[in-house]
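**Student:** Pasting input-v2.tsv here (TSV, C-alpha atoms):
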```tsv
chain	number	residue	atom	x	y	z
O	1	MET	CA	44.05	32.43	-7.74
O	2	TYR	CA	42.43	34.51	-10.44
O	3	LEU	CA	45.84	35.34	-11.95
O	4	LYS	CA	46.81	31.70	-12.01
O	5	ASN	CA	43.62	30.88	-13.86
O	6	LYS	CA	44.33	33.60	-16.39
O	7	MET	CA	47.82	32.34	-17.09
O	8	LEU	CA	46.85	28.70	-17.18
O	9	LEU	CA	43.92	28.97	-19.53
O	10	LYS	CA	45.43	31.75	-21.62
O	11	ARG	CA	42.29	33.78	-21.66
O	12	ASN	CA	40.17	35.84	-19.35
O	13	VAL	CA	38.06	33.31	-17.52
O	14	SER	CA	35.34	34.04	-15.10
O	15	PHE	CA	34.52	31.99	-12.08
O	16	LYS	CA	31.36	30.68	-13.71
O	17	GLU	CA	33.38	29.31	-16.60
O	18	VAL	CA	35.87	27.62	-14.33
O	19	VAL	CA	33.06	25.84	-12.50
O	20	PHE	CA	31.43	24.73	-15.70
O	21	LEU	CA	34.72	23.54	-17.17
O	22	SER	CA	35.39	21.45	-14.11
O	23	ILE	CA	31.93	19.89	-14.37
O	24	LEU	CA	32.70	19.04	-17.99
O	25	ALA	CA	36.05	17.58	-17.02
O	26	VAL	CA	34.46	15.28	-14.45
O	27	GLN	CA	31.89	14.19	-17.03
O	28	ALA	CA	34.73	13.38	-19.41
O	29	ILE	CA	36.42	11.26	-16.74
O	30	VAL	CA	33.21	9.34	-16.03
O	31	LEU	CA	32.51	8.69	-19.71
O	32	SER	CA	36.08	7.60	-20.33
O	33	ALA	CA	35.95	5.17	-17.40
O	34	LEU	CA	32.70	3.76	-18.83
O	35	ASP	CA	34.51	3.38	-22.15
O	36	ASN	CA	37.16	1.22	-20.56
O	37	GLN	CA	34.57	-1.19	-19.18
O	38	LEU	CA	32.77	-1.67	-22.48
O	39	HIS	CA	35.24	-3.58	-24.62
O	40	ILE	CA	34.24	-3.98	-28.22
O	41	PRO	CA	35.70	-7.22	-29.62
O	42	ALA	CA	37.49	-5.78	-32.62
O	43	GLY	CA	40.90	-7.35	-32.13
O	44	VAL	CA	42.65	-4.04	-32.62
O	45	PRO	CA	44.80	-2.95	-29.67
O	46	GLY	CA	43.14	-0.17	-27.81
O	47	MET	CA	40.07	0.34	-29.92
O	48	GLU	CA	37.29	1.93	-27.93
O	49	ILE	CA	33.99	3.73	-28.26
O	50	GLY	CA	34.97	7.35	-28.00
O	51	LEU	CA	32.30	8.52	-25.58
O	52	SER	CA	34.42	11.31	-24.20
O	53	ASN	CA	34.46	12.96	-27.63
O	54	ILE	CA	30.96	14.18	-26.80
O	55	ILE	CA	32.40	16.31	-24.01
O	56	THR	CA	35.19	17.48	-26.28
O	57	LEU	CA	32.74	18.62	-28.93
O	58	VAL	CA	30.42	20.41	-26.47
O	59	SER	CA	33.39	22.13	-24.88
O	60	LEU	CA	34.73	23.23	-28.28
O	61	VAL	CA	31.37	24.84	-29.07
O	62	PHE	CA	31.23	26.94	-25.91
O	63	PHE	CA	34.84	27.43	-24.85
O	64	SER	CA	38.22	27.99	-26.40
O	65	PHE	CA	40.63	25.43	-27.83
O	66	TYR	CA	43.07	25.55	-24.94
O	67	ASN	CA	40.35	24.91	-22.38
O	68	THR	CA	39.27	21.83	-24.29
O	69	LEU	CA	42.86	20.60	-24.46
O	70	LEU	CA	43.05	20.98	-20.71
O	71	ILE	CA	39.92	18.87	-20.27
O	72	VAL	CA	41.39	16.18	-22.54
O	73	LEU	CA	44.64	16.20	-20.56
O	74	ILE	CA	42.82	15.89	-17.26
O	75	ARG	CA	40.77	13.02	-18.60
O	76	CYS	CA	43.80	11.12	-19.90
O	77	VAL	CA	45.84	11.60	-16.76
O	78	SER	CA	43.07	10.61	-14.38
O	79	VAL	CA	41.75	7.58	-16.19
O	80	THR	CA	44.68	5.95	-17.91
O	81	LEU	CA	47.96	7.09	-16.42
O	82	PHE	CA	47.79	5.40	-13.05
O	83	ILE	CA	45.32	2.63	-13.63
O	84	ASN	CA	45.39	0.88	-16.95
O	85	GLY	CA	49.00	0.76	-17.91
O	86	GLN	CA	51.16	3.55	-19.14
O	87	VAL	CA	50.82	2.59	-22.78
O	88	MET	CA	47.10	3.34	-22.81
O	89	PHE	CA	47.94	6.84	-21.57
O	90	ILE	CA	49.98	7.55	-24.72
O	91	PHE	CA	47.21	6.13	-26.90
O	92	SER	CA	44.46	8.17	-25.24
O	93	LEU	CA	46.57	11.31	-25.33
O	94	PHE	CA	47.37	11.04	-29.02
O	95	GLY	CA	43.80	10.15	-29.91
O	96	GLY	CA	42.29	12.90	-27.79
O	97	ILE	CA	44.61	15.61	-29.09
O	98	LEU	CA	44.15	14.62	-32.72
O	99	SER	CA	40.37	14.52	-32.40
O	100	THR	CA	40.32	17.91	-30.63
O	101	VAL	CA	42.46	19.52	-33.34
O	102	ILE	CA	40.38	18.17	-36.19
O	103	MET	CA	37.05	19.04	-34.57
O	104	TRP	CA	38.31	22.56	-33.85
O	105	PHE	CA	39.36	23.02	-37.47
O	106	MET	CA	35.99	21.91	-38.72
O	107	LEU	CA	34.10	24.08	-36.25
O	108	ARG	CA	36.17	27.12	-37.06
O	109	PHE	CA	36.29	26.99	-40.83
O	110	ALA	CA	33.47	24.78	-42.09
O	111	ARG	CA	30.62	25.56	-39.73
O	112	ASN	CA	28.02	25.92	-42.47
O	113	LEU	CA	29.05	22.84	-44.36
O	114	PHE	CA	28.91	20.29	-41.56
O	115	SER	CA	26.44	19.60	-38.84
O	116	TYR	CA	27.48	18.13	-35.52
O	117	VAL	CA	27.01	14.61	-36.87
O	118	GLY	CA	29.71	15.13	-39.50
O	119	ILE	CA	32.04	16.75	-37.00
O	120	GLY	CA	31.44	13.87	-34.60
O	121	ILE	CA	32.27	11.34	-37.32
O	122	ALA	CA	35.48	13.16	-38.18
O	123	GLY	CA	36.44	13.45	-34.52
O	124	SER	CA	35.76	9.78	-33.86
O	125	ILE	CA	37.82	8.66	-36.87
O	126	ALA	CA	40.61	11.01	-35.80
O	127	HIS	CA	40.50	9.57	-32.28
O	128	ASN	CA	40.89	5.98	-33.45
O	129	LEU	CA	43.50	7.01	-36.01
O	130	GLY	CA	45.52	8.79	-33.34
O	131	GLN	CA	45.49	5.68	-31.17
O	132	ILE	CA	46.67	3.45	-34.02
O	133	LEU	CA	49.38	5.94	-34.97
O	134	ALA	CA	50.62	5.99	-31.38
O	135	ALA	CA	50.73	2.18	-31.46
O	136	CYS	CA	52.69	2.24	-34.72
O	137	LEU	CA	55.11	4.71	-33.17
O	138	ILE	CA	55.69	2.50	-30.15
O	139	ILE	CA	56.42	-0.69	-32.00
O	140	SER	CA	58.18	1.18	-34.85
O	141	ASP	CA	56.40	-0.94	-37.40
O	142	LEU	CA	53.83	0.35	-39.83
O	143	SER	CA	51.97	-2.93	-40.10
O	144	LEU	CA	49.09	-1.77	-37.91
O	145	VAL	CA	47.85	0.41	-40.77
O	146	SER	CA	46.18	-2.72	-42.12
O	147	TYR	CA	43.52	-2.12	-39.47
O	148	LEU	CA	42.37	0.98	-41.34
O	149	PRO	CA	38.97	-0.43	-42.52
O	150	VAL	CA	38.05	-1.31	-38.92
O	151	ILE	CA	38.97	2.19	-37.80
O	152	LEU	CA	36.94	3.87	-40.51
O	153	THR	CA	33.75	1.84	-40.08
O	154	SER	CA	33.74	2.04	-36.30
O	155	GLY	CA	34.50	5.73	-36.68
O	156	ILE	CA	31.37	6.30	-38.72
O	157	LEU	CA	29.14	4.36	-36.34
O	158	THR	CA	30.38	5.86	-33.10
O	159	GLY	CA	30.78	9.28	-34.68
O	160	SER	CA	27.14	9.51	-35.65
O	161	CYS	CA	26.07	8.61	-32.10
O	162	ILE	CA	28.44	11.26	-30.76
O	163	GLY	CA	27.10	13.84	-33.20
O	164	ILE	CA	23.49	13.16	-32.24
O	165	CYS	CA	24.24	13.33	-28.51
O	166	SER	CA	26.19	16.56	-28.94
O	167	THR	CA	23.37	18.19	-30.91
O	168	LEU	CA	20.91	17.44	-28.14
O	169	ILE	CA	23.27	18.66	-25.40
O	170	VAL	CA	24.14	21.88	-27.24
O	171	LYS	CA	20.45	22.60	-27.82
O	172	LEU	CA	19.72	22.16	-24.11
O	173	LEU	CA	22.64	24.30	-23.04
O	174	LYS	CA	21.72	27.07	-25.43
O	175	LYS	CA	18.28	27.20	-23.84
O	176	PHE	CA	19.80	27.83	-20.42
O	177	ASN	CA	21.57	30.89	-21.89
O	178	LEU	CA	24.56	30.61	-19.59
O	179	PHE	CA	27.37	31.37	-22.05
O	180	GLU	CA	27.69	33.04	-25.36
O	181	TYR	CA	27.41	30.66	-28.26
O	182	LYS	CA	30.26	30.98	-30.69
T	1	MET	CA	13.50	9.15	-35.21
T	2	LYS	CA	15.08	8.44	-38.58
T	3	ALA	CA	13.45	11.56	-40.01
T	4	VAL	CA	15.01	13.63	-37.24
T	5	ILE	CA	18.46	12.26	-37.99
T	6	VAL	CA	18.18	12.77	-41.75
T	7	ALA	CA	16.92	16.30	-41.25
T	8	MET	CA	20.01	17.10	-39.19
T	9	LEU	CA	22.50	16.16	-41.93
T	10	ARG	CA	23.99	18.76	-44.19
T	11	LYS	CA	25.80	18.61	-47.48
T	12	GLY	CA	29.25	18.16	-45.98
T	13	ASP	CA	28.14	15.25	-43.81
T	14	VAL	CA	26.87	13.25	-46.75
T	15	ILE	CA	30.09	13.93	-48.68
T	16	LEU	CA	32.17	12.83	-45.70
T	17	ILE	CA	30.22	9.61	-45.16
T	18	LEU	CA	30.35	8.71	-48.83
T	19	LEU	CA	34.09	9.40	-48.91
T	20	VAL	CA	34.74	7.16	-45.93
T	21	VAL	CA	32.58	4.32	-47.28
T	22	PHE	CA	34.36	4.61	-50.61
T	23	GLY	CA	37.75	4.48	-48.90
T	24	VAL	CA	36.79	1.43	-46.86
T	25	SER	CA	35.55	-0.47	-49.91
T	26	LEU	CA	38.69	0.49	-51.83
T	27	ILE	CA	40.97	-0.79	-49.10
T	28	THR	CA	39.12	-4.06	-48.62
T	29	ILE	CA	39.03	-4.75	-52.35
T	30	THR	CA	42.74	-4.11	-52.87
T	31	ASN	CA	43.58	-6.15	-49.78
T	32	SER	CA	41.65	-9.19	-50.86
T	33	SER	CA	43.21	-9.16	-54.31
T	34	ASN	CA	46.84	-8.55	-53.31
T	35	ASN	CA	47.48	-10.55	-50.17
T	36	PRO	CA	46.68	-14.24	-49.96
T	37	ARG	CA	43.90	-13.63	-47.50
T	38	SER	CA	41.17	-15.35	-49.43
T	39	HIS	CA	42.09	-18.76	-48.24
T	40	TRP	CA	38.91	-20.45	-49.23
T	41	THR	CA	39.84	-20.25	-52.89
T	42	TRP	CA	43.53	-20.84	-52.74
T	43	ASP	CA	45.61	-23.27	-50.78
T	44	SER	CA	48.18	-21.02	-49.22
T	45	SER	CA	50.69	-23.69	-48.38
T	46	ALA	CA	51.02	-24.83	-51.99
T	47	ASN	CA	53.83	-22.57	-53.05
T	48	HIS	CA	54.13	-20.11	-50.17
T	49	ASP	CA	55.91	-20.55	-46.87
T	50	VAL	CA	54.41	-18.96	-43.81
T	51	TYR	CA	56.97	-17.37	-41.51
T	52	ALA	CA	56.46	-15.89	-38.09
T	53	ILE	CA	58.72	-13.00	-37.13
T	54	ILE	CA	59.24	-12.28	-33.45
T	55	LYS	CA	60.63	-8.85	-32.68
T	56	LYS	CA	61.43	-7.29	-29.34
T	57	ASP	CA	62.25	-3.59	-28.99
T	58	ASP	CA	62.55	-3.41	-32.76
T	59	ARG	CA	65.23	-6.12	-32.88
T	60	LEU	CA	64.60	-9.34	-34.71
T	61	ILE	CA	64.78	-12.23	-32.29
T	62	LYS	CA	63.59	-15.22	-34.22
T	63	LYS	CA	62.13	-16.16	-37.57
T	64	ILE	CA	60.22	-19.43	-37.57
T	65	ASN	CA	59.02	-21.34	-40.56
T	66	LEU	CA	55.53	-22.37	-39.51
T	67	SER	CA	54.86	-24.67	-42.44
T	68	ASP	CA	57.84	-26.88	-41.68
T	69	LEU	CA	57.22	-27.13	-37.97
T	70	GLN	CA	56.46	-30.60	-36.73
T	71	ASN	CA	56.43	-30.45	-32.95
T	72	ARG	CA	55.31	-27.72	-30.65
T	73	GLU	CA	58.07	-25.19	-30.09
T	74	VAL	CA	58.14	-22.92	-27.04
T	75	ILE	CA	60.07	-19.66	-27.09
T	76	LYS	CA	60.73	-17.58	-24.02
T	77	VAL	CA	61.18	-13.86	-24.63
T	78	SER	CA	62.00	-12.03	-21.39
T	79	GLY	CA	58.79	-12.62	-19.50
T	80	GLN	CA	56.47	-13.80	-22.24
T	81	ILE	CA	56.12	-17.36	-23.47
T	82	ILE	CA	55.26	-17.86	-27.12
T	83	ALA	CA	54.06	-21.22	-28.41
T	84	ALA	CA	54.42	-22.17	-32.06
T	85	GLU	CA	52.81	-25.15	-33.74
T	86	GLN	CA	52.21	-26.26	-37.27
T	87	ASN	CA	50.87	-23.17	-39.06
T	88	LYS	CA	49.93	-21.27	-35.91
T	89	ILE	CA	51.58	-19.20	-33.22
T	90	CYS	CA	50.30	-17.44	-30.16
T	91	PHE	CA	51.24	-15.74	-26.91
T	92	LEU	CA	50.86	-18.25	-24.09
T	93	LEU	CA	51.86	-16.25	-21.07
T	94	ALA	CA	52.59	-12.59	-20.59
T	95	ASP	CA	53.10	-10.46	-17.52
T	96	CYS	CA	51.58	-7.27	-18.92
T	97	SER	CA	48.62	-5.63	-17.30
T	98	ASP	CA	46.27	-5.23	-20.22
T	99	ARG	CA	46.38	-8.75	-21.67
T	100	LEU	CA	45.89	-7.60	-25.25
T	101	CYS	CA	48.57	-10.01	-26.47
T	102	ILE	CA	46.99	-13.16	-25.06
T	103	ASN	CA	43.52	-12.11	-26.17
T	104	SER	CA	44.74	-11.97	-29.79
T	105	GLY	CA	44.74	-15.76	-29.78
T	106	TRP	CA	46.26	-17.94	-32.47
T	107	LEU	CA	47.72	-16.27	-35.54
T	108	SER	CA	47.84	-18.22	-38.74
T	109	LYS	CA	47.28	-15.97	-41.75
T	110	PRO	CA	49.87	-13.64	-43.28
T	111	GLY	CA	49.42	-10.06	-42.16
T	112	GLN	CA	48.10	-10.91	-38.71
T	113	ILE	CA	49.82	-9.28	-35.78
T	114	ALA	CA	49.90	-9.75	-32.03
T	115	VAL	CA	51.62	-7.14	-29.90
T	116	CYS	CA	52.47	-6.87	-26.23
T	117	PHE	CA	52.81	-3.16	-25.68
T	118	PRO	CA	54.48	-2.75	-22.29
T	119	THR	CA	57.35	-4.99	-23.32
T	120	ARG	CA	57.28	-4.05	-27.02
T	121	THR	CA	57.15	-7.61	-28.28
T	122	LEU	CA	55.66	-8.18	-31.68
T	123	ILE	CA	54.67	-11.34	-33.57
T	124	LYS	CA	54.04	-10.81	-37.24
T	125	ILE	CA	53.13	-13.41	-39.84
T	126	VAL	CA	54.50	-12.95	-43.34
T	127	SER	CA	54.41	-15.21	-46.30
T	128	GLU	CA	57.29	-15.63	-48.67
T	129	SER	CA	57.29	-17.54	-51.86
T	130	ASN	CA	59.12	-20.82	-51.78
T	131	SER	CA	61.94	-20.71	-54.28
T	132	MET	CA	62.06	-24.45	-54.63
T	133	GLU	CA	59.30	-26.04	-56.64
```
Take the structure in the file and give it back as structure tokens.

**Tutor:**
Amino acid sequence: MYLKNKMLLKRNVSFKEVVFLSILAVQAIVLSALDNQLHIPAGVPGMEIGLSNIITLVSLVFFSFYNTLLIVLIRCVSVTLFINGQVMFIFSLFGGILSTVIMWFMLRFARNLFSYVGIGIAGSIAHNLGQILAACLIISDLSLVSYLPVILTSGILTGSCIGICSTLIVKLLKKFNLFEYK
Amino acid sequence: MKAVIVAMLRKGDVILILLVVFGVSLITITNSSNNPRSHWTWDSSANHDVYAIIKKDDRLIKKINLSDLQNREVIKVSGQIIAAEQNKICFLLADCSDRLCINSGWLSKPGQIAVCFPTRTLIKIVSESNSME
């Protein structure tokens, strides 16, 4: 069991971390399901408030990149693969992976330059952009790029909310002193 | 509350926000000057024909001239029903689970798109200039 965890998460993980990661994964599922119920009337296929990016950002602060990718995969498979329609699974997957990659880059290399609000904005824009790129790939037609202004403005608005929420959560978790803060 | 938010921002955040706002304004300005989207100043049907392109699985199925259409035309594309009238077109019936196509409503302006993702059906409106005066 311990060996399987080591191979799966590509790092030495302790039992405490596995428990906390699973709590985060369940939170991501709940927030993503809430996302699906709150439709914003933007007219763009698959545009959503990226509430699960909060979990992604918190998990990137405390854990490694591969663990966060696992949380994103669990969230996409549970919420969209069997319920909504298989197309939304591809959208969520692309958006989640792109936002994780960009947030990890910014956290790793530009920690002093950006606060969590900026990283949240970038992650939210990357999430929406990934969804639109997946849609363009499916219909093999680049005409959805005309929705770029909608993506960017909604990215700023939701991204700032995500950044503020993540700052508060990270502050609280640092006070508990459970894990080392990277 | 606002003071708390402003105190949290750093130099990179402000640069990022300004960059994005600049990009958005750039895109909207170039869009409204290139495409005939500003319909309130220019009658689009004067010298431009509005065509609707229906594509399924990346194959062109039908190209309809919306400006010349007199009656209501109904097209059936493998499970979806598309209705076309004078200067508008929409998805009437679709058997997909997420209903994004029907919720797009009537399309009338060039550049508007309605897509049904599970069946990969796409309606796109383009405008081409009428070669005859």

**Student:** Excluding Ile121 in chain O and residues on its chain fewer than 4 positions from it, collect all residues at most 6 Å away from it, counting all atoms listed in the file, and give them as a VMD selection string.

**Tutor:** chain O and resid 156 159 to 160

**Student:** With all atoms listed in the file counted and 6 Å as the cut-off, give the residues of chain O in contact with chain T, each with its shortest interatomic distance in Å and the pair that gives it, as a tab-separated table.

**Tutor:**
```
residue	atom	partner	partner_atom	distance
O:Leu113	CA	T:Gly12	CA	5.0
O:Phe114	CA	T:Gly12	CA	4.9
O:Ser115	CA	T:Arg10	CA	5.9
O:Gly118	CA	T:Asp13	CA	4.6
O:Pro149	CA	T:Val24	CA	5.2
```

**Student:** Could you give me, as a CSV table (one decimal) with C-alpha atoms, in the coordinates of the input, the residues that have an atom at most 12 Å away from the point (45.8, 9.2, -34.2) in the coordinates of the file, using all atoms listed in the file?

**Tutor:**
```csv
chain,number,residue,atom,x,y,z
O,46,GLY,CA,43.1,-0.2,-27.8
O,47,MET,CA,40.1,0.3,-29.9
O,90,ILE,CA,50.0,7.6,-24.7
O,91,PHE,CA,47.2,6.1,-26.9
O,92,SER,CA,44.5,8.2,-25.2
O,93,LEU,CA,46.6,11.3,-25.3
O,94,PHE,CA,47.4,11.0,-29.0
O,95,GLY,CA,43.8,10.2,-29.9
O,96,GLY,CA,42.3,12.9,-27.8
O,97,ILE,CA,44.6,15.6,-29.1
O,98,LEU,CA,44.2,14.6,-32.7
O,99,SER,CA,40.4,14.5,-32.4
O,100,THR,CA,40.3,17.9,-30.6
O,101,VAL,CA,42.5,19.5,-33.3
O,102,ILE,CA,40.4,18.2,-36.2
O,122,ALA,CA,35.5,13.2,-38.2
O,123,GLY,CA,36.4,13.4,-34.5
O,124,SER,CA,35.8,9.8,-33.9
O,125,ILE,CA,37.8,8.7,-36.9
O,126,ALA,CA,40.6,11.0,-35.8
O,127,HIS,CA,40.5,9.6,-32.3
O,128,ASN,CA,40.9,6.0,-33.4
O,129,LEU,CA,43.5,7.0,-36.0
O,130,GLY,CA,45.5,8.8,-33.3
O,131,GLN,CA,45.5,5.7,-31.2
O,132,ILE,CA,46.7,3.4,-34.0
O,133,LEU,CA,49.4,5.9,-35.0
O,134,ALA,CA,50.6,6.0,-31.4
O,135,ALA,CA,50.7,2.2,-31.5
O,136,CYS,CA,52.7,2.2,-34.7
O,137,LEU,CA,55.1,4.7,-33.2
O,145,VAL,CA,47.8,0.4,-40.8
O,148,LEU,CA,42.4,1.0,-41.3
O,151,ILE,CA,39.0,2.2,-37.8
```

**Student:** Here is a test: counting all atoms listed in the file, which residue of O:Leu70, O:Ile119, O:Val79, O:Met103 is nearest to Cys161 in chain O?

**Tutor:**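 Using all atoms listed in the file, Cys161 in chain O sits closest to O:Ile119.
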
**Student:** For Gln86 in chain T, which of T:Ser127, T:Leu66, T:Val74, T:Ile29 is the closest residue, counting only C-alpha atoms?

**Tutor:**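 So, comparing all the options, the nearest one is T:Leu66.
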
**Student:** Nearest to Ile64 in chain T: which of T:Ala84, T:Leu18, T:Val77, T:Ile102 is it, counting all atoms listed in the file?

**Tutor:**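 Closest residue, counting all atoms listed in the file: T:Ala84.
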
**Student:** Find the distance between CA of Leu142 in chain O and CA of Ile162 in chain O and write it in Å to one decimal.

**Tutor:**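 Calculated distance between CA of Leu142 in chain O and CA of Ile162 in chain O is 29.1 Å.
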
**Student:** Rounded to one decimal, what separation in Å do you get between CA of Val72 in chain O and CA of Asp95 in chain T?

**Tutor:** 29.5 Å

**Student:** If I take CA of Phe62 in chain O and CA of Thr80 in chain O, how far is one from the other in Å, to one decimal?

**Tutor:**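 Atom-to-atom, CA of Phe62 in chain O to CA of Thr80 in chain O, that is 26.2 Å.
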
**Student:** Point out the residue among O:Ser143, O:Ser22, O:Ser166, O:Asn36 with the least atom-to-atom distance to Ile83 in chain O, counting all atoms listed in the file.

**Tutor:**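 Closest to Ile83 in chain O, using all atoms listed in the file: O:Asn36.
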
**Student:** Near Leu34 in chain O, counting only C-alpha atoms, which residues have an atom at most 12 Å away, once you skip same-chain residues fewer than 2 positions from it, shown as a list in words?

**Tutor:**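 Near Leu34 in chain O, the qualifying residues are Gln27, Ala28, Ile29, Val30, Leu31, Ser32, Asn36, Gln37, Leu38, His39, Glu48, Ile49, Gly50, Leu51, Ser52 and Val79 of chain O.
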
**Student:** Pick from T:Ala7, T:Asn71, T:Gly79, T:Asp49: nearest to Pro110 in chain T, with all atoms listed in the file counted?

**Tutor:**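 Among T:Ala7, T:Asn71, T:Gly79, T:Asp49, it is T:Asp49 that comes nearest to Pro110 in chain T.
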
**Student:** Could range 90-106 of chain T be completed with N, CA and C atoms and written as a PDB file, in the frame of the given file, please?

**Tutor:**
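Dumped to selection.pdb:
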```pdb
ATOM      1  N   CYS T  90      51.063 -18.314 -31.035  1.00  0.00           N
ATOM      2  CA  CYS T  90      50.300 -17.440 -30.160  1.00  0.00           C
ATOM      3  C   CYS T  90      51.132 -17.109 -28.923  1.00  0.00           C
ATOM      4  N   PHE T  91      50.669 -16.094 -28.196  1.00  0.00           N
ATOM      5  CA  PHE T  91      51.240 -15.740 -26.910  1.00  0.00           C
ATOM      6  C   PHE T  91      50.619 -16.652 -25.868  1.00  0.00           C
ATOM      7  N   LEU T  92      51.453 -17.400 -25.115  1.00  0.00           N
ATOM      8  CA  LEU T  92      50.860 -18.250 -24.090  1.00  0.00           C
ATOM      9  C   LEU T  92      50.760 -17.533 -22.757  1.00  0.00           C
ATOM     10  N   LEU T  93      51.826 -16.853 -22.393  1.00  0.00           N
ATOM     11  CA  LEU T  93      51.860 -16.250 -21.070  1.00  0.00           C
ATOM     12  C   LEU T  93      52.532 -14.910 -21.199  1.00  0.00           C
ATOM     13  N   ALA T  94      51.958 -13.902 -20.552  1.00  0.00           N
ATOM     14  CA  ALA T  94      52.590 -12.590 -20.590  1.00  0.00           C
ATOM     15  C   ALA T  94      52.320 -11.904 -19.264  1.00  0.00           C
ATOM     16  N   ASP T  95      53.254 -11.097 -18.828  1.00  0.00           N
ATOM     17  CA  ASP T  95      53.100 -10.460 -17.520  1.00  0.00           C
ATOM     18  C   ASP T  95      52.684  -9.005 -17.660  1.00  0.00           C
ATOM     19  N   CYS T  96      52.021  -8.648 -18.766  1.00  0.00           N
ATOM     20  CA  CYS T  96      51.580  -7.270 -18.920  1.00  0.00           C
ATOM     21  C   CYS T  96      50.213  -7.107 -18.257  1.00  0.00           C
ATOM     22  N   SER T  97      49.837  -5.861 -18.058  1.00  0.00           N
ATOM     23  CA  SER T  97      48.620  -5.630 -17.300  1.00  0.00           C
ATOM     24  C   SER T  97      47.375  -5.609 -18.156  1.00  0.00           C
ATOM     25  N   ASP T  98      47.516  -5.369 -19.462  1.00  0.00           N
ATOM     26  CA  ASP T  98      46.270  -5.230 -20.220  1.00  0.00           C
ATOM     27  C   ASP T  98      45.889  -6.463 -20.996  1.00  0.00           C
ATOM     28  N   ARG T  99      46.766  -7.464 -21.118  1.00  0.00           N
ATOM     29  CA  ARG T  99      46.380  -8.750 -21.670  1.00  0.00           C
ATOM     30  C   ARG T  99      45.904  -8.706 -23.115  1.00  0.00           C
ATOM     31  N   LEU T 100      46.335  -7.682 -23.851  1.00  0.00           N
ATOM     32  CA  LEU T 100      45.890  -7.600 -25.250  1.00  0.00           C
ATOM     33  C   LEU T 100      46.562  -8.686 -26.077  1.00  0.00           C
ATOM     34  N   CYS T 101      47.804  -9.050 -25.679  1.00  0.00           N
ATOM     35  CA  CYS T 101      48.570 -10.010 -26.470  1.00  0.00           C
ATOM     36  C   CYS T 101      47.950 -11.387 -26.402  1.00  0.00           C
ATOM     37  N   ILE T 102      47.553 -11.815 -25.188  1.00  0.00           N
ATOM     38  CA  ILE T 102      46.990 -13.160 -25.060  1.00  0.00           C
ATOM     39  C   ILE T 102      45.610 -13.213 -25.691  1.00  0.00           C
ATOM     40  N   ASN T 103      44.873 -12.108 -25.598  1.00  0.00           N
ATOM     41  CA  ASN T 103      43.520 -12.110 -26.170  1.00  0.00           C
ATOM     42  C   ASN T 103      43.537 -12.121 -27.684  1.00  0.00           C
ATOM     43  N   SER T 104      44.702 -11.902 -28.325  1.00  0.00           N
ATOM     44  CA  SER T 104      44.740 -11.970 -29.790  1.00  0.00           C
ATOM     45  C   SER T 104      44.624 -13.400 -30.266  1.00  0.00           C
ATOM     46  N   GLY T 105      44.954 -14.368 -29.423  1.00  0.00           N
ATOM     47  CA  GLY T 105      44.740 -15.760 -29.780  1.00  0.00           C
ATOM     48  C   GLY T 105      45.769 -16.280 -30.757  1.00  0.00           C
ATOM     49  N   TRP T 106      45.374 -17.292 -31.519  1.00  0.00           N
ATOM     50  CA  TRP T 106      46.260 -17.940 -32.470  1.00  0.00           C
ATOM     51  C   TRP T 106      46.326 -17.117 -33.752  1.00  0.00           C
TER      52      TRP T 106
END
```
